[in-house]
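K.L.:
Take a look at this one; I'll ask things after.
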Amino acid sequence: MAGFLIEFRMHGYAKEYAKDIVYSVAKKFRVRGVTRKKVVPHISLYGPGRADDIRKVISSVKKAGRKYSLVPFKVKGFGYFDKTPKVIYFEINPSQELEDLRWELSQELRKVSTGQSWDSRRNHSFHATIAFRDIDTKFNGIWSYLKSKEEPDINQYLLRITVIGARGRIVCEYDLILKRLLNRREALSKRLFQKTINRLRELQGLPPEKPTSLMDRLKRLFGGSS
């Protein structure tokens with residue numbers, strides 16, 4: 001039986017904003033639950049699960065994903081799970097499309113794999129983790145720190161469904177916008193991701209994104225003028 005996880009990986013401003021918050025919390029409060037490995041802001045869609053054939057998992061992801069193109073959602077505020085261990089996260093306001101996609105994905109995957117108890121529930125708590133595991137004694141301080149900040153209000157589209165395998169490595173991705181199953185090399189390709197973004201803008205009735213320098217991208221993310 002092979003272990004796997006299905007997730008969506010944030011992109012653009014939401015990704016950079018989330019990473020900044022995660023690292024600032026980790027540094028200020030000396031917690032490492034999220035930062036023990038490379039920080040990849042994401043929303044879990046199914047699992048962790050186990051399957052006897054990862055190819056069936058991939059087929060299920062493709063079957064569910066090909067029905068959807070534009071799947072919006074919003075990163076909206078902070079929240080927490082009051083359990084042991086506690087979890088602090090970015091709240092995700094899903095669209096109906098995201099709720100439907102997650103549920104169809106779960107129904108397909110439960111035919112070919114074992115998941116978690118929450119995977120069998122229609123109602124799902126969409127979130128992106130900020131800190132967990134080693135935060136229980138520091139929870140009040142972290143929560144006060146986050147609530148002192150301006151709450152995020154960021155629009156995003158779910159562009160790709162990512163299949164994570166052993167050692168947290170990408171196995172493949174299904175691109176909702178390009179309607180393509182991407183192998184690991186293609187999933188990591190910046191050129192292909194730009195094609196995804198350009199196609200997304202086309203579906204939104206917008207012109208292709210203009211190439212920008214590193215300095216321009218930093219200005220756009222953090223402000224400043226020339």
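Letters A, B, ... mark the chains of the structure tokens in the order given; residue numbers begin at 1 per chain; ligand numbers begin at 1, in order shown.
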As a PyMOL selection string, please: the residues near region 137-147 of chain A (cut-off 12 Å, only C-alpha atoms, same-chain neighbours under 4 positions excluded).
P.N.:
chain A and resi 21-22+24-31+77-90+130-133+151-152
K.L.:
As a list in words, please: the residues near Ser44 (chain A) (cut-off 10 Å, only C-alpha atoms, same-chain neighbours under 3 positions excluded).
P.N.:
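Counting only C-alpha atoms, the residues come to Leu5, Ile6, Glu7, Phe8, Arg9, Pro41, Gly47, Pro48, Arg102, Ser125, Phe126, His127, Ala128, Thr129, Ile161 and Thr162 of chain A.
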K.L.:
I need the chosen residues saved as a JSON list (two decimals), in the first residue's frame, with N, CA, C and O atoms.
P.N.:
[["chain", "number", "residue", "atom", "x", "y", "z"],
["A", 5, "LEU", "N", -1.18, 11.99, -0.68],
["A", 5, "LEU", "CA", -1.99, 13.13, -0.24],
["A", 5, "LEU", "C", -2.40, 13.92, -1.47],
["A", 5, "LEU", "O", -1.60, 14.06, -2.40],
["A", 6, "ILE", "N", -3.63, 14.41, -1.47],
["A", 6, "ILE", "CA", -4.10, 15.24, -2.57],
["A", 6, "ILE", "C", -4.26, 16.66, -2.04],
["A", 6, "ILE", "O", -4.93, 16.89, -1.02],
["A", 7, "GLU", "N", -3.66, 17.63, -2.72],
["A", 7, "GLU", "CA", -3.70, 19.00, -2.23],
["A", 7, "GLU", "C", -3.71, 19.99, -3.39],
["A", 7, "GLU", "O", -3.46, 19.64, -4.55],
["A", 8, "PHE", "N", -3.99, 21.24, -3.04],
["A", 8, "PHE", "CA", -3.83, 22.36, -3.95],
["A", 8, "PHE", "C", -2.73, 23.25, -3.39],
["A", 8, "PHE", "O", -2.74, 23.59, -2.20],
["A", 9, "ARG", "N", -1.77, 23.64, -4.22],
["A", 9, "ARG", "CA", -0.67, 24.48, -3.80],
["A", 9, "ARG", "C", -0.93, 25.92, -4.24],
["A", 9, "ARG", "O", -1.16, 26.18, -5.41],
["A", 41, "PRO", "N", 2.69, 26.58, 1.08],
["A", 41, "PRO", "CA", 1.31, 26.85, 1.46],
["A", 41, "PRO", "C", 0.33, 26.07, 0.58],
["A", 41, "PRO", "O", 0.40, 26.14, -0.65],
["A", 47, "GLY", "N", -7.09, 12.96, 2.20],
["A", 47, "GLY", "CA", -6.03, 12.21, 2.81],
["A", 47, "GLY", "C", -5.43, 12.88, 4.04],
["A", 47, "GLY", "O", -6.00, 13.86, 4.56],
["A", 48, "PRO", "N", -4.27, 12.34, 4.50],
["A", 48, "PRO", "CA", -3.46, 11.32, 3.86],
["A", 48, "PRO", "C", -4.23, 10.01, 3.65],
["A", 48, "PRO", "O", -5.05, 9.63, 4.48],
["A", 102, "ARG", "N", -14.14, 19.11, -4.39],
["A", 102, "ARG", "CA", -13.57, 18.34, -3.28],
["A", 102, "ARG", "C", -14.42, 17.10, -2.98],
["A", 102, "ARG", "O", -13.90, 16.01, -2.76],
["A", 125, "SER", "N", -13.85, 21.44, 6.25],
["A", 125, "SER", "CA", -13.22, 22.66, 6.77],
["A", 125, "SER", "C", -11.99, 22.99, 5.94],
["A", 125, "SER", "O", -10.88, 22.50, 6.22],
["A", 126, "PHE", "N", -12.16, 23.79, 4.92],
["A", 126, "PHE", "CA", -11.03, 24.17, 4.07],
["A", 126, "PHE", "C", -10.13, 25.12, 4.85],
["A", 126, "PHE", "O", -10.59, 26.10, 5.44],
["A", 127, "HIS", "N", -8.84, 24.84, 4.84],
["A", 127, "HIS", "CA", -7.90, 25.68, 5.58],
["A", 127, "HIS", "C", -6.49, 25.46, 5.04],
["A", 127, "HIS", "O", -6.22, 24.48, 4.33],
["A", 128, "ALA", "N", -5.59, 26.38, 5.40],
["A", 128, "ALA", "CA", -4.17, 26.26, 5.08],
["A", 128, "ALA", "C", -3.40, 26.50, 6.37],
["A", 128, "ALA", "O", -3.51, 27.58, 6.97],
["A", 129, "THR", "N", -2.64, 25.53, 6.81],
["A", 129, "THR", "CA", -2.01, 25.56, 8.14],
["A", 129, "THR", "C", -0.92, 26.62, 8.25],
["A", 129, "THR", "O", -0.09, 26.77, 7.36],
["A", 161, "ILE", "N", -4.63, 20.19, -9.29],
["A", 161, "ILE", "CA", -4.77, 19.22, -8.20],
["A", 161, "ILE", "C", -3.47, 18.43, -8.14],
["A", 161, "ILE", "O", -3.08, 17.79, -9.13],
["A", 162, "THR", "N", -2.80, 18.48, -7.00],
["A", 162, "THR", "CA", -1.47, 17.89, -6.87],
["A", 162, "THR", "C", -1.54, 16.57, -6.12],
["A", 162, "THR", "O", -2.14, 16.49, -5.04]]
K.L.:
For the atom pair CA of Cys172 (chain A) and CA of Gly205 (chain A), what is the interatomic distance in Å to one decimal place?
P.N.:
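Atom-to-atom, CA of Cys172 (chain A) to CA of Gly205 (chain A), that is 28.5 Å.
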K.L.:
May I have the residues within 10 Å of Ser106 (chain A) as number ranges by chain, using only C-alpha atoms and disregarding those fewer than 4 positions away in the same chain?
P.N.:
A: 6, 45-47, 60-61, 64, 100-102, 110-111, 113, 115, 118-122
K.L.:
Tell me which protein, DNA and RNA residues are within 12 Å of Lys56 (chain A), counting only C-alpha atoms, leaving out same-chain ones fewer than 6 positions away, and put them as a list of chain:residue names.
P.N.:
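Final neighbour list, sorted by chain and number: A:Ala2, A:Phe4, A:Arg50, A:Lys62, A:Lys63, A:Glu108, A:Leu109, A:Arg110, A:Lys111, A:Val112, A:Ser113, A:Val163.
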K.L.:
Please produce a file of the residues just selected, as a CSV table (one decimal), in the first residue's frame, where the atoms kept are all heavy atoms.
P.N.:
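And here is the file that came out, result-v3.csv:
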chain,number,residue,atom,x,y,z
A,2,ALA,N,0.6,2.2,-0.9
A,2,ALA,CA,1.4,3.4,-1.0
A,2,ALA,C,0.6,4.6,-0.4
A,2,ALA,O,-0.6,4.7,-0.5
A,2,ALA,CB,1.6,3.7,-2.5
A,4,PHE,N,-0.3,8.6,0.1
A,4,PHE,CA,-0.4,9.7,-0.8
A,4,PHE,C,-1.2,10.8,-0.1
A,4,PHE,O,-1.9,10.6,0.9
A,4,PHE,CB,-1.0,9.3,-2.1
A,4,PHE,CG,-2.5,9.0,-2.0
A,4,PHE,CD1,-3.5,9.9,-2.3
A,4,PHE,CD2,-2.9,7.7,-1.7
A,4,PHE,CE1,-4.8,9.6,-2.2
A,4,PHE,CE2,-4.2,7.4,-1.6
A,4,PHE,CZ,-5.2,8.3,-1.8
A,50,ARG,N,-4.1,5.8,1.6
A,50,ARG,CA,-3.3,4.7,1.1
A,50,ARG,C,-4.0,4.0,0.0
A,50,ARG,O,-5.2,3.8,0.1
A,50,ARG,CB,-2.9,3.8,2.3
A,50,ARG,CG,-2.1,4.5,3.4
A,50,ARG,CD,-1.6,3.5,4.4
A,50,ARG,NE,-0.6,2.6,3.9
A,50,ARG,CZ,0.7,3.0,3.8
A,50,ARG,NH1,1.1,4.3,4.1
A,50,ARG,NH2,1.6,2.2,3.3
A,62,LYS,N,-7.9,12.7,-12.2
A,62,LYS,CA,-8.2,13.2,-13.5
A,62,LYS,C,-9.7,13.1,-13.8
A,62,LYS,O,-10.2,14.1,-14.4
A,62,LYS,CB,-7.4,12.3,-14.5
A,62,LYS,CG,-7.6,12.8,-16.0
A,62,LYS,CD,-6.7,11.9,-16.9
A,62,LYS,CE,-6.9,12.3,-18.3
A,62,LYS,NZ,-6.0,11.5,-19.3
A,63,LYS,N,-10.4,12.1,-13.4
A,63,LYS,CA,-11.8,12.0,-13.7
A,63,LYS,C,-12.6,13.1,-13.0
A,63,LYS,O,-13.5,13.7,-13.7
A,63,LYS,CB,-12.3,10.6,-13.2
A,63,LYS,CG,-13.8,10.4,-13.5
A,63,LYS,CD,-14.2,9.0,-13.1
A,63,LYS,CE,-15.7,8.7,-13.4
A,63,LYS,NZ,-16.1,7.4,-12.9
A,108,GLU,N,-14.7,9.7,-5.7
A,108,GLU,CA,-13.9,8.9,-6.6
A,108,GLU,C,-12.7,8.2,-5.9
A,108,GLU,O,-12.5,7.0,-6.1
A,108,GLU,CB,-13.4,9.7,-7.8
A,108,GLU,CG,-14.4,10.2,-8.7
A,108,GLU,CD,-15.2,9.1,-9.4
A,108,GLU,OE1,-14.6,8.0,-9.6
A,108,GLU,OE2,-16.3,9.3,-9.8
A,109,LEU,N,-12.0,8.9,-5.0
A,109,LEU,CA,-10.8,8.3,-4.4
A,109,LEU,C,-11.2,7.3,-3.4
A,109,LEU,O,-10.4,6.3,-3.2
A,109,LEU,CB,-10.0,9.4,-3.7
A,109,LEU,CG,-9.2,10.3,-4.7
A,109,LEU,CD1,-8.7,11.6,-4.0
A,109,LEU,CD2,-8.1,9.5,-5.3
A,110,ARG,N,-12.3,7.4,-2.7
A,110,ARG,CA,-12.7,6.4,-1.7
A,110,ARG,C,-13.1,5.0,-2.4
A,110,ARG,O,-13.2,4.0,-1.7
A,110,ARG,CB,-13.9,6.9,-0.9
A,110,ARG,CG,-13.4,7.9,0.2
A,110,ARG,CD,-14.5,8.3,1.1
A,110,ARG,NE,-15.5,9.2,0.5
A,110,ARG,CZ,-16.9,8.9,0.5
A,110,ARG,NH1,-17.3,7.9,1.2
A,110,ARG,NH2,-17.7,9.8,0.0
A,111,LYS,N,-13.2,5.0,-3.7
A,111,LYS,CA,-13.4,3.7,-4.4
A,111,LYS,C,-12.1,3.0,-4.6
A,111,LYS,O,-12.2,1.7,-4.7
A,111,LYS,CB,-14.0,4.0,-5.8
A,111,LYS,CG,-15.4,4.7,-5.8
A,111,LYS,CD,-15.8,5.0,-7.2
A,111,LYS,CE,-17.1,5.8,-7.3
A,111,LYS,NZ,-17.5,6.2,-8.7
A,112,VAL,N,-11.0,3.7,-4.5
A,112,VAL,CA,-9.7,3.0,-4.8
A,112,VAL,C,-8.7,3.2,-3.7
A,112,VAL,O,-7.6,2.7,-3.9
A,112,VAL,CB,-9.1,3.6,-6.1
A,112,VAL,CG1,-10.1,3.3,-7.3
A,112,VAL,CG2,-8.8,5.1,-6.0
A,113,SER,N,-9.1,3.8,-2.6
A,113,SER,CA,-8.1,4.0,-1.5
A,113,SER,C,-8.8,4.1,-0.2
A,113,SER,O,-10.0,4.2,-0.1
A,113,SER,CB,-7.3,5.3,-1.8
A,113,SER,OG,-8.2,6.4,-1.6
A,163,VAL,N,-0.9,15.5,-6.7
A,163,VAL,CA,-0.8,14.2,-6.0
A,163,VAL,C,0.6,14.2,-5.4
A,163,VAL,O,1.6,14.2,-6.1
A,163,VAL,CB,-1.0,13.1,-7.0
A,163,VAL,CG1,-0.9,11.7,-6.3
A,163,VAL,CG2,-2.3,13.2,-7.7
K.L.:
Can you list, as a PyMOL selection string, every residue of region 11-216 of chain A that DSSP puts in strand (DSSP E)?
P.N.:
chain A and resi 42-51+72-81+87-94+127-132+153-157+160-164+170-175+180-183
